[in-house]
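Please read the structure below before turning to the comments.
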Amino acid sequence: MTIFSLYVYDRHCTCVYYQDWHRTKAPRPAAEGGILPAVSQQIYQFRGEDGTLSVANSSPRNTLSTSSGVVVAVNDDLPRSPLPHPIAQPPAPKPVSTGLAFDEEAKLVYGVVLSLRNMIKKISGRDEQFTNYRTSTYKLHLYETASGYKFIMLSDPSADSLRFVLRQIYSGPFLEYVVRNPLTSMDSKEHGIDNEYFRTSVDRMVKGLSVYQ
Amino acid sequence: MAIFGLWVINKAGGLVYQKNCGDGLPGLTSNEYLVLAGTLHGIHAITSRLSPIGSSSGAQTIEGESFKMTILLTATGTKFVLLTSPIEPTADSILAKVYEIYSDAVMKNPFHTPEMPIRSEGFDSRITALIG
């Protein structure tokens, strides 16, 4: 029983956060300009100082931090981190990607969720939420807040409804480290909500679940 | 534990059969059912592409708060969609029986054109006997 990934979308229908645990096929980095900065370091491409495109974590030419672990120069786009940066490692061989760039995949996920929600509302005649759907290899759970934030989690198909987990992520790490954080710009159309505290506390919460692993 | 309805969707995404049972869900106009069936056909295709671990089937169950949809995709591309209450454990076996009735009363009917709307009294009566 595992959890594969988590997406968060805001009310402007853009992906503002992404995290994954057990994906076999890593997402391909988004086309430049395709997604907002501060969604996830894995998939955000930025121009290094010599003008080449690279993905944040894996570049050995990351000139933004010294080997002593202190960040010497931060541009607005990378999440500010009070913790020391890890020493840049040579990139581990990554599994082959699905062939879909991340920004396209994020839009597909959002589109599926939106269409399903409208369909369910139409069929039931009431203002009803769709909770989850299952395929032969994964199960997608949705939790939507009153402010229009959508938390979407992909798990393996035998999991029970993980809405309570998403609700816990909302009322725990999200409220603590995103809403109450004066440095994250929520509801902006230019930035995601990635920050170190949020990421690690969601990671800790998910790994501590009984359904994980 | 109730069955609310049954849809049969052909391989192009068009609705060929639709039946409402009981009053768990409000009835919609036939146009609206056609639109919903087409939407579901598209969603089913997209869900197979979003899999985090390689190739996957399309969506098999879709749950809302007051009902659940179970989808059976046959090898020929026809979809059978059953709408039930959220905790209906027999949905898969009912769909298998519906497929059997479909192949008996519709496919073996020499006057039926494949992929066209189903207008067969035999099919209707057997489905009513099965799901009420």
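Residues are named by chain letter and number: chains run A, B, ... in the order of the structure tokens, numbers start at 1 in each chain, and ligands are numbered from 1 in the order shown.
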
List as a tab-separated table every residue of chain A that is in contact with chain B, defined as an atom at most 9 Å from one of its atoms (using only C-alpha atoms), together with the nearest atom pair and the distance in Å rounded to one decimal, sorted by chain and then rising number.
```
residue	atom	partner	partner_atom	distance
A:Phe4	CA	B:Pro52	CA	6.8
A:Ser5	CA	B:Pro52	CA	8.0
A:His22	CA	B:Pro52	CA	8.4
A:Arg23	CA	B:Pro52	CA	5.4
A:Thr24	CA	B:Ile53	CA	5.1
A:Lys25	CA	B:Ile53	CA	6.1
A:Ala26	CA	B:Pro52	CA	8.2
A:Pro27	CA	B:Pro52	CA	8.8
A:Thr98	CA	B:Gly54	CA	7.1
A:Glu105	CA	B:Leu50	CA	7.2
A:Leu108	CA	B:Ile46	CA	7.5
A:Val109	CA	B:Leu50	CA	7.1
A:Gly111	CA	B:Ile43	CA	8.9
A:Val112	CA	B:Ile43	CA	6.2
A:Ser115	CA	B:Thr39	CA	7.6
A:Leu116	CA	B:Ile43	CA	7.6
A:Arg117	CA	B:Gly64	CA	8.7
A:Met119	CA	B:Leu36	CA	6.6
A:Ile120	CA	B:Gly64	CA	6.7
A:Lys121	CA	B:Gly64	CA	8.9
A:Lys122	CA	B:Leu36	CA	8.5
A:Ile123	CA	B:Leu25	CA	7.0
A:Ser124	CA	B:Leu25	CA	5.6
A:Gly125	CA	B:Pro26	CA	6.3
A:Glu128	CA	B:Glu65	CA	6.6
A:Gln129	CA	B:Gly64	CA	6.0
A:Phe130	CA	B:Gly64	CA	4.1
A:Thr131	CA	B:Gly64	CA	5.3
A:Asn132	CA	B:Glu63	CA	5.4
A:Tyr133	CA	B:Ile62	CA	4.2
A:Arg134	CA	B:Thr61	CA	5.3
A:Thr135	CA	B:Ala59	CA	4.3
A:Ser136	CA	B:Ser57	CA	5.5
A:Thr137	CA	B:Ser56	CA	5.5
A:Tyr138	CA	B:Ser51	CA	6.5
A:Lys139	CA	B:Ala59	CA	8.8
A:Leu154	CA	B:Pro52	CA	8.0
```

| task | From a DSSP pass on the backbone, collect the residues of chain B flagged as alpha helix (DSSP H) and hand them back as a ChimeraX atom specification. | result | /B:30-47,91-102,121-131

| message | From the options A:Met153, A:Val179, A:Leu162, A:Leu140, which residue's atoms come nearest to Tyr18 in chain A, counting only C-alpha atoms? | response | A:Met153

| said: Just want the 12 Å neighbourhood of Gly22 in chain B, counted on only C-alpha atoms, with same-chain residues fewer than 5 positions away dropped. Output as a list in words. | reply: Met1, Ala2, Ile3, Phe4, Gly5, Leu6, Gly27, Leu83, Thr84, Ser85, Thr128, Ile131 and Gly132 of chain B

Export N, CA, C and O atoms of the chosen residues as a PDB file, in the first residue's frame?
```pdb
ATOM      1  N   MET B   1     -28.247   0.015  -0.364  1.00  0.00           N
ATOM      2  CA  MET B   1     -27.667  -0.857  -1.387  1.00  0.00           C
ATOM      3  C   MET B   1     -28.626  -0.923  -2.570  1.00  0.00           C
ATOM      4  O   MET B   1     -29.484  -1.782  -2.635  1.00  0.00           O
ATOM      5  N   ALA B   2     -28.481  -0.004  -3.478  1.00  0.00           N
ATOM      6  CA  ALA B   2     -29.457   0.065  -4.566  1.00  0.00           C
ATOM      7  C   ALA B   2     -28.765   0.376  -5.871  1.00  0.00           C
ATOM      8  O   ALA B   2     -27.669   0.934  -5.889  1.00  0.00           O
ATOM      9  N   ILE B   3     -29.458   0.014  -6.947  1.00  0.00           N
ATOM     10  CA  ILE B   3     -28.924   0.320  -8.272  1.00  0.00           C
ATOM     11  C   ILE B   3     -29.728   1.479  -8.820  1.00  0.00           C
ATOM     12  O   ILE B   3     -30.961   1.448  -8.821  1.00  0.00           O
ATOM     13  N   PHE B   4     -29.041   2.502  -9.292  1.00  0.00           N
ATOM     14  CA  PHE B   4     -29.728   3.690  -9.757  1.00  0.00           C
ATOM     15  C   PHE B   4     -29.869   3.737 -11.268  1.00  0.00           C
ATOM     16  O   PHE B   4     -30.791   4.354 -11.775  1.00  0.00           O
ATOM     17  N   GLY B   5     -28.940   3.134 -11.982  1.00  0.00           N
ATOM     18  CA  GLY B   5     -29.065   3.224 -13.432  1.00  0.00           C
ATOM     19  C   GLY B   5     -27.986   2.463 -14.164  1.00  0.00           C
ATOM     20  O   GLY B   5     -27.008   1.999 -13.584  1.00  0.00           O
ATOM     21  N   LEU B   6     -28.184   2.324 -15.481  1.00  0.00           N
ATOM     22  CA  LEU B   6     -27.238   1.608 -16.328  1.00  0.00           C
ATOM     23  C   LEU B   6     -27.085   2.379 -17.627  1.00  0.00           C
ATOM     24  O   LEU B   6     -28.075   2.829 -18.201  1.00  0.00           O
ATOM     25  N   GLY B  27     -33.856  12.344 -12.632  1.00  0.00           N
ATOM     26  CA  GLY B  27     -33.774  12.065 -14.057  1.00  0.00           C
ATOM     27  C   GLY B  27     -33.308  13.295 -14.813  1.00  0.00           C
ATOM     28  O   GLY B  27     -33.536  14.429 -14.424  1.00  0.00           O
ATOM     29  N   LEU B  83     -24.642   2.715 -12.219  1.00  0.00           N
ATOM     30  CA  LEU B  83     -24.672   3.704 -11.137  1.00  0.00           C
ATOM     31  C   LEU B  83     -25.379   3.079  -9.947  1.00  0.00           C
ATOM     32  O   LEU B  83     -26.512   2.625 -10.057  1.00  0.00           O
ATOM     33  N   THR B  84     -24.695   3.043  -8.813  1.00  0.00           N
ATOM     34  CA  THR B  84     -25.260   2.402  -7.624  1.00  0.00           C
ATOM     35  C   THR B  84     -25.039   3.283  -6.415  1.00  0.00           C
ATOM     36  O   THR B  84     -24.366   4.304  -6.478  1.00  0.00           O
ATOM     37  N   SER B  85     -25.579   2.828  -5.282  1.00  0.00           N
ATOM     38  CA  SER B  85     -25.279   3.498  -4.018  1.00  0.00           C
ATOM     39  C   SER B  85     -23.815   3.215  -3.681  1.00  0.00           C
ATOM     40  O   SER B  85     -23.231   2.272  -4.195  1.00  0.00           O
ATOM     41  N   THR B 128     -34.477  -5.398 -17.067  1.00  0.00           N
ATOM     42  CA  THR B 128     -35.391  -5.046 -15.975  1.00  0.00           C
ATOM     43  C   THR B 128     -35.476  -6.183 -14.974  1.00  0.00           C
ATOM     44  O   THR B 128     -35.529  -5.961 -13.766  1.00  0.00           O
ATOM     45  N   ILE B 131     -32.015  -5.941 -12.921  1.00  0.00           N
ATOM     46  CA  ILE B 131     -31.711  -4.863 -11.978  1.00  0.00           C
ATOM     47  C   ILE B 131     -32.933  -4.077 -11.536  1.00  0.00           C
ATOM     48  O   ILE B 131     -32.808  -3.113 -10.818  1.00  0.00           O
ATOM     49  N   GLY B 132     -34.102  -4.432 -12.005  1.00  0.00           N
ATOM     50  CA  GLY B 132     -35.300  -3.792 -11.476  1.00  0.00           C
ATOM     51  C   GLY B 132     -35.626  -2.441 -12.079  1.00  0.00           C
ATOM     52  O   GLY B 132     -35.014  -1.976 -12.993  1.00  0.00           O
TER      53      GLY B 132
END
```

| request: Using only C-alpha atoms, find the one residue out of B:Val8, B:Ile101, B:Pro110, B:Asn20 that sits nearest to Gly122 in chain B. | output: B:Ile101

| query | Taking into account only C-alpha atoms, which residue in the set A:Phe174, A:Phe102, A:Tyr149, A:Tyr143 is nearest to Cys13 in chain A? | reply |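 Answer, going by the shortest atom-to-atom distance: A:Tyr149.
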
| request: Output as a list in words all residues of chain B that backbone DSSP marks as strand (DSSP E). | output: Ile3, Phe4, Gly5, Leu6, Trp7, Val8, Ile9, Leu15, Val16, Tyr17, Gln18, Lys19, Asn20, Thr61, Ile62, Glu63, Gly64, Lys68, Met69, Thr70, Ile71, Leu72, Leu73, Lys79, Phe80, Val81, Leu82, Leu83 and Thr84 of chain B

Taking N, CA and C atoms for each residue, export the selection above as a compact mmCIF listing (two decimals), in the first residue's frame.
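Generated output (part26.txt):
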```
# COMPACT_ATOMS: atom_id res chain seq x y z
N ILE B 3 -29.46 0.01 -6.95
CA ILE B 3 -28.92 0.32 -8.27
C ILE B 3 -29.73 1.48 -8.82
N PHE B 4 -29.04 2.50 -9.29
CA PHE B 4 -29.73 3.69 -9.76
C PHE B 4 -29.87 3.74 -11.27
N GLY B 5 -28.94 3.13 -11.98
CA GLY B 5 -29.06 3.22 -13.43
C GLY B 5 -27.99 2.46 -14.16
N LEU B 6 -28.18 2.32 -15.48
CA LEU B 6 -27.24 1.61 -16.33
C LEU B 6 -27.09 2.38 -17.63
N TRP B 7 -25.84 2.55 -18.07
CA TRP B 7 -25.60 3.16 -19.38
C TRP B 7 -24.77 2.19 -20.20
N VAL B 8 -25.00 2.16 -21.52
CA VAL B 8 -24.11 1.41 -22.39
C VAL B 8 -23.56 2.40 -23.41
N ILE B 9 -22.24 2.46 -23.52
CA ILE B 9 -21.59 3.44 -24.38
C ILE B 9 -20.80 2.70 -25.45
N LEU B 15 -23.83 7.28 -26.52
CA LEU B 15 -24.67 6.50 -25.62
C LEU B 15 -25.63 5.67 -26.46
N VAL B 16 -25.66 4.34 -26.26
CA VAL B 16 -26.59 3.51 -27.03
C VAL B 16 -27.71 2.96 -26.19
N TYR B 17 -27.58 2.99 -24.87
CA TYR B 17 -28.65 2.49 -24.02
C TYR B 17 -28.56 3.16 -22.68
N GLN B 18 -29.72 3.52 -22.11
CA GLN B 18 -29.70 4.17 -20.81
C GLN B 18 -30.97 3.77 -20.07
N LYS B 19 -30.84 3.44 -18.81
CA LYS B 19 -32.00 3.03 -18.03
C LYS B 19 -31.87 3.55 -16.62
N ASN B 20 -32.93 4.13 -16.11
CA ASN B 20 -32.97 4.60 -14.72
C ASN B 20 -33.82 3.66 -13.90
N THR B 61 -13.77 2.55 -11.16
CA THR B 61 -14.86 3.03 -10.32
C THR B 61 -14.64 4.51 -10.07
N ILE B 62 -15.75 5.23 -9.98
CA ILE B 62 -15.70 6.67 -9.68
C ILE B 62 -16.69 6.91 -8.56
N GLU B 63 -16.22 7.48 -7.48
CA GLU B 63 -17.10 7.62 -6.32
C GLU B 63 -17.45 9.05 -6.03
N GLY B 64 -18.73 9.30 -5.80
CA GLY B 64 -19.15 10.59 -5.27
C GLY B 64 -19.65 10.36 -3.87
N LYS B 68 -22.03 5.77 -6.73
CA LYS B 68 -20.77 5.26 -7.24
C LYS B 68 -21.00 4.77 -8.67
N MET B 69 -20.04 5.00 -9.55
CA MET B 69 -20.14 4.48 -10.91
C MET B 69 -19.13 3.38 -11.09
N THR B 70 -19.56 2.25 -11.63
CA THR B 70 -18.63 1.16 -11.92
C THR B 70 -18.61 0.98 -13.42
N ILE B 71 -17.42 0.89 -14.00
CA ILE B 71 -17.29 0.87 -15.46
C ILE B 71 -16.64 -0.43 -15.89
N LEU B 72 -17.29 -1.12 -16.85
CA LEU B 72 -16.68 -2.32 -17.41
C LEU B 72 -16.35 -2.01 -18.86
N LEU B 73 -15.08 -2.12 -19.21
CA LEU B 73 -14.65 -1.87 -20.59
C LEU B 73 -14.42 -3.22 -21.24
N LYS B 79 -18.48 0.25 -23.40
CA LYS B 79 -18.42 0.46 -21.95
C LYS B 79 -19.79 0.25 -21.34
N PHE B 80 -19.81 -0.49 -20.24
CA PHE B 80 -21.03 -0.65 -19.47
C PHE B 80 -20.83 0.08 -18.15
N VAL B 81 -21.72 1.04 -17.87
CA VAL B 81 -21.58 1.87 -16.68
C VAL B 81 -22.76 1.63 -15.78
N LEU B 82 -22.51 1.26 -14.54
CA LEU B 82 -23.58 1.00 -13.58
C LEU B 82 -23.51 2.05 -12.49
N LEU B 83 -24.64 2.72 -12.22
CA LEU B 83 -24.67 3.70 -11.14
C LEU B 83 -25.38 3.08 -9.95
N THR B 84 -24.69 3.04 -8.81
CA THR B 84 -25.26 2.40 -7.62
C THR B 84 -25.04 3.28 -6.42
```

| field | Test item: residues at most 9 Å from Phe123 in chain B, only C-alpha atoms, excluding those fewer than 5 positions along its chain, as a list in words | value |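 Surrounding residues, per the criterion: Ile101, Tyr102, Asp104, Ala105, Val106, Ile118 and Thr128 of chain B.
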
Suppose we keep all heavy atoms; can you now write the selection as a PDB file, in the first residue's frame?
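Written file, part17.pdb:
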```pdb
ATOM      1  N   ILE B 101     -26.112 -10.553 -21.108  1.00  0.00           N
ATOM      2  CA  ILE B 101     -27.422 -10.280 -21.696  1.00  0.00           C
ATOM      3  C   ILE B 101     -27.252  -9.485 -22.989  1.00  0.00           C
ATOM      4  O   ILE B 101     -27.946  -9.722 -23.986  1.00  0.00           O
ATOM      5  CB  ILE B 101     -28.305  -9.497 -20.709  1.00  0.00           C
ATOM      6  CG1 ILE B 101     -28.558 -10.343 -19.473  1.00  0.00           C
ATOM      7  CG2 ILE B 101     -29.609  -9.093 -21.351  1.00  0.00           C
ATOM      8  CD1 ILE B 101     -29.341  -9.627 -18.418  1.00  0.00           C
ATOM      9  N   TYR B 102     -26.300  -8.547 -22.985  1.00  0.00           N
ATOM     10  CA  TYR B 102     -26.028  -7.749 -24.183  1.00  0.00           C
ATOM     11  C   TYR B 102     -25.608  -8.642 -25.334  1.00  0.00           C
ATOM     12  O   TYR B 102     -26.121  -8.525 -26.453  1.00  0.00           O
ATOM     13  CB  TYR B 102     -24.937  -6.733 -23.851  1.00  0.00           C
ATOM     14  CG  TYR B 102     -24.397  -5.934 -25.000  1.00  0.00           C
ATOM     15  CD1 TYR B 102     -25.073  -4.825 -25.484  1.00  0.00           C
ATOM     16  CD2 TYR B 102     -23.175  -6.268 -25.584  1.00  0.00           C
ATOM     17  CE1 TYR B 102     -24.555  -4.078 -26.525  1.00  0.00           C
ATOM     18  CE2 TYR B 102     -22.660  -5.522 -26.620  1.00  0.00           C
ATOM     19  CZ  TYR B 102     -23.348  -4.429 -27.096  1.00  0.00           C
ATOM     20  OH  TYR B 102     -22.829  -3.692 -28.115  1.00  0.00           O
ATOM     21  N   ASP B 104     -26.226 -11.759 -25.727  1.00  0.00           N
ATOM     22  CA  ASP B 104     -27.320 -12.635 -26.146  1.00  0.00           C
ATOM     23  C   ASP B 104     -28.397 -11.884 -26.906  1.00  0.00           C
ATOM     24  O   ASP B 104     -28.820 -12.286 -27.987  1.00  0.00           O
ATOM     25  CB  ASP B 104     -27.966 -13.276 -24.894  1.00  0.00           C
ATOM     26  CG  ASP B 104     -27.199 -14.497 -24.453  1.00  0.00           C
ATOM     27  OD1 ASP B 104     -26.384 -14.993 -25.255  1.00  0.00           O
ATOM     28  OD2 ASP B 104     -27.400 -14.935 -23.311  1.00  0.00           O
ATOM     29  N   ALA B 105     -28.896 -10.794 -26.321  1.00  0.00           N
ATOM     30  CA  ALA B 105     -30.092 -10.166 -26.892  1.00  0.00           C
ATOM     31  C   ALA B 105     -29.779  -9.120 -27.947  1.00  0.00           C
ATOM     32  O   ALA B 105     -30.641  -8.776 -28.739  1.00  0.00           O
ATOM     33  CB  ALA B 105     -30.906  -9.524 -25.762  1.00  0.00           C
ATOM     34  N   VAL B 106     -28.574  -8.584 -27.955  1.00  0.00           N
ATOM     35  CA  VAL B 106     -28.286  -7.497 -28.887  1.00  0.00           C
ATOM     36  C   VAL B 106     -27.351  -7.957 -29.999  1.00  0.00           C
ATOM     37  O   VAL B 106     -27.637  -7.793 -31.175  1.00  0.00           O
ATOM     38  CB  VAL B 106     -27.676  -6.297 -28.122  1.00  0.00           C
ATOM     39  CG1 VAL B 106     -27.344  -5.186 -29.081  1.00  0.00           C
ATOM     40  CG2 VAL B 106     -28.655  -5.806 -27.077  1.00  0.00           C
ATOM     41  N   ILE B 118     -29.713   0.900 -28.926  1.00  0.00           N
ATOM     42  CA  ILE B 118     -30.328  -0.413 -28.744  1.00  0.00           C
ATOM     43  C   ILE B 118     -31.821  -0.263 -28.596  1.00  0.00           C
ATOM     44  O   ILE B 118     -32.304   0.396 -27.682  1.00  0.00           O
ATOM     45  CB  ILE B 118     -29.737  -1.098 -27.491  1.00  0.00           C
ATOM     46  CG1 ILE B 118     -28.250  -1.317 -27.684  1.00  0.00           C
ATOM     47  CG2 ILE B 118     -30.448  -2.413 -27.218  1.00  0.00           C
ATOM     48  CD1 ILE B 118     -27.580  -1.863 -26.457  1.00  0.00           C
ATOM     49  N   THR B 128     -34.477  -5.398 -17.067  1.00  0.00           N
ATOM     50  CA  THR B 128     -35.391  -5.046 -15.975  1.00  0.00           C
ATOM     51  C   THR B 128     -35.476  -6.183 -14.974  1.00  0.00           C
ATOM     52  O   THR B 128     -35.529  -5.961 -13.766  1.00  0.00           O
ATOM     53  CB  THR B 128     -36.789  -4.751 -16.528  1.00  0.00           C
ATOM     54  OG1 THR B 128     -36.655  -3.885 -17.650  1.00  0.00           O
ATOM     55  CG2 THR B 128     -37.654  -4.085 -15.479  1.00  0.00           C
TER      56      THR B 128
END
```

| Looking at only C-alpha atoms, which of A:Glu104, A:Ala146, A:Ser210, A:Gln19 is the one that sits closest to Asn195 in chain A? |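 Residue with the minimum atom-to-atom distance to Asn195 in chain A: A:Gln19.
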
| task | Using only C-alpha atoms, determine which residues lie at most 12 Å from Arg180 in chain A, disregarding the query and same-chain residues fewer than 6 positions distant; provide the list as a list in words. | result | Ser171, Gly172, Pro173, Phe174, Met186, Ile193, Tyr197 and Phe198 of chain A
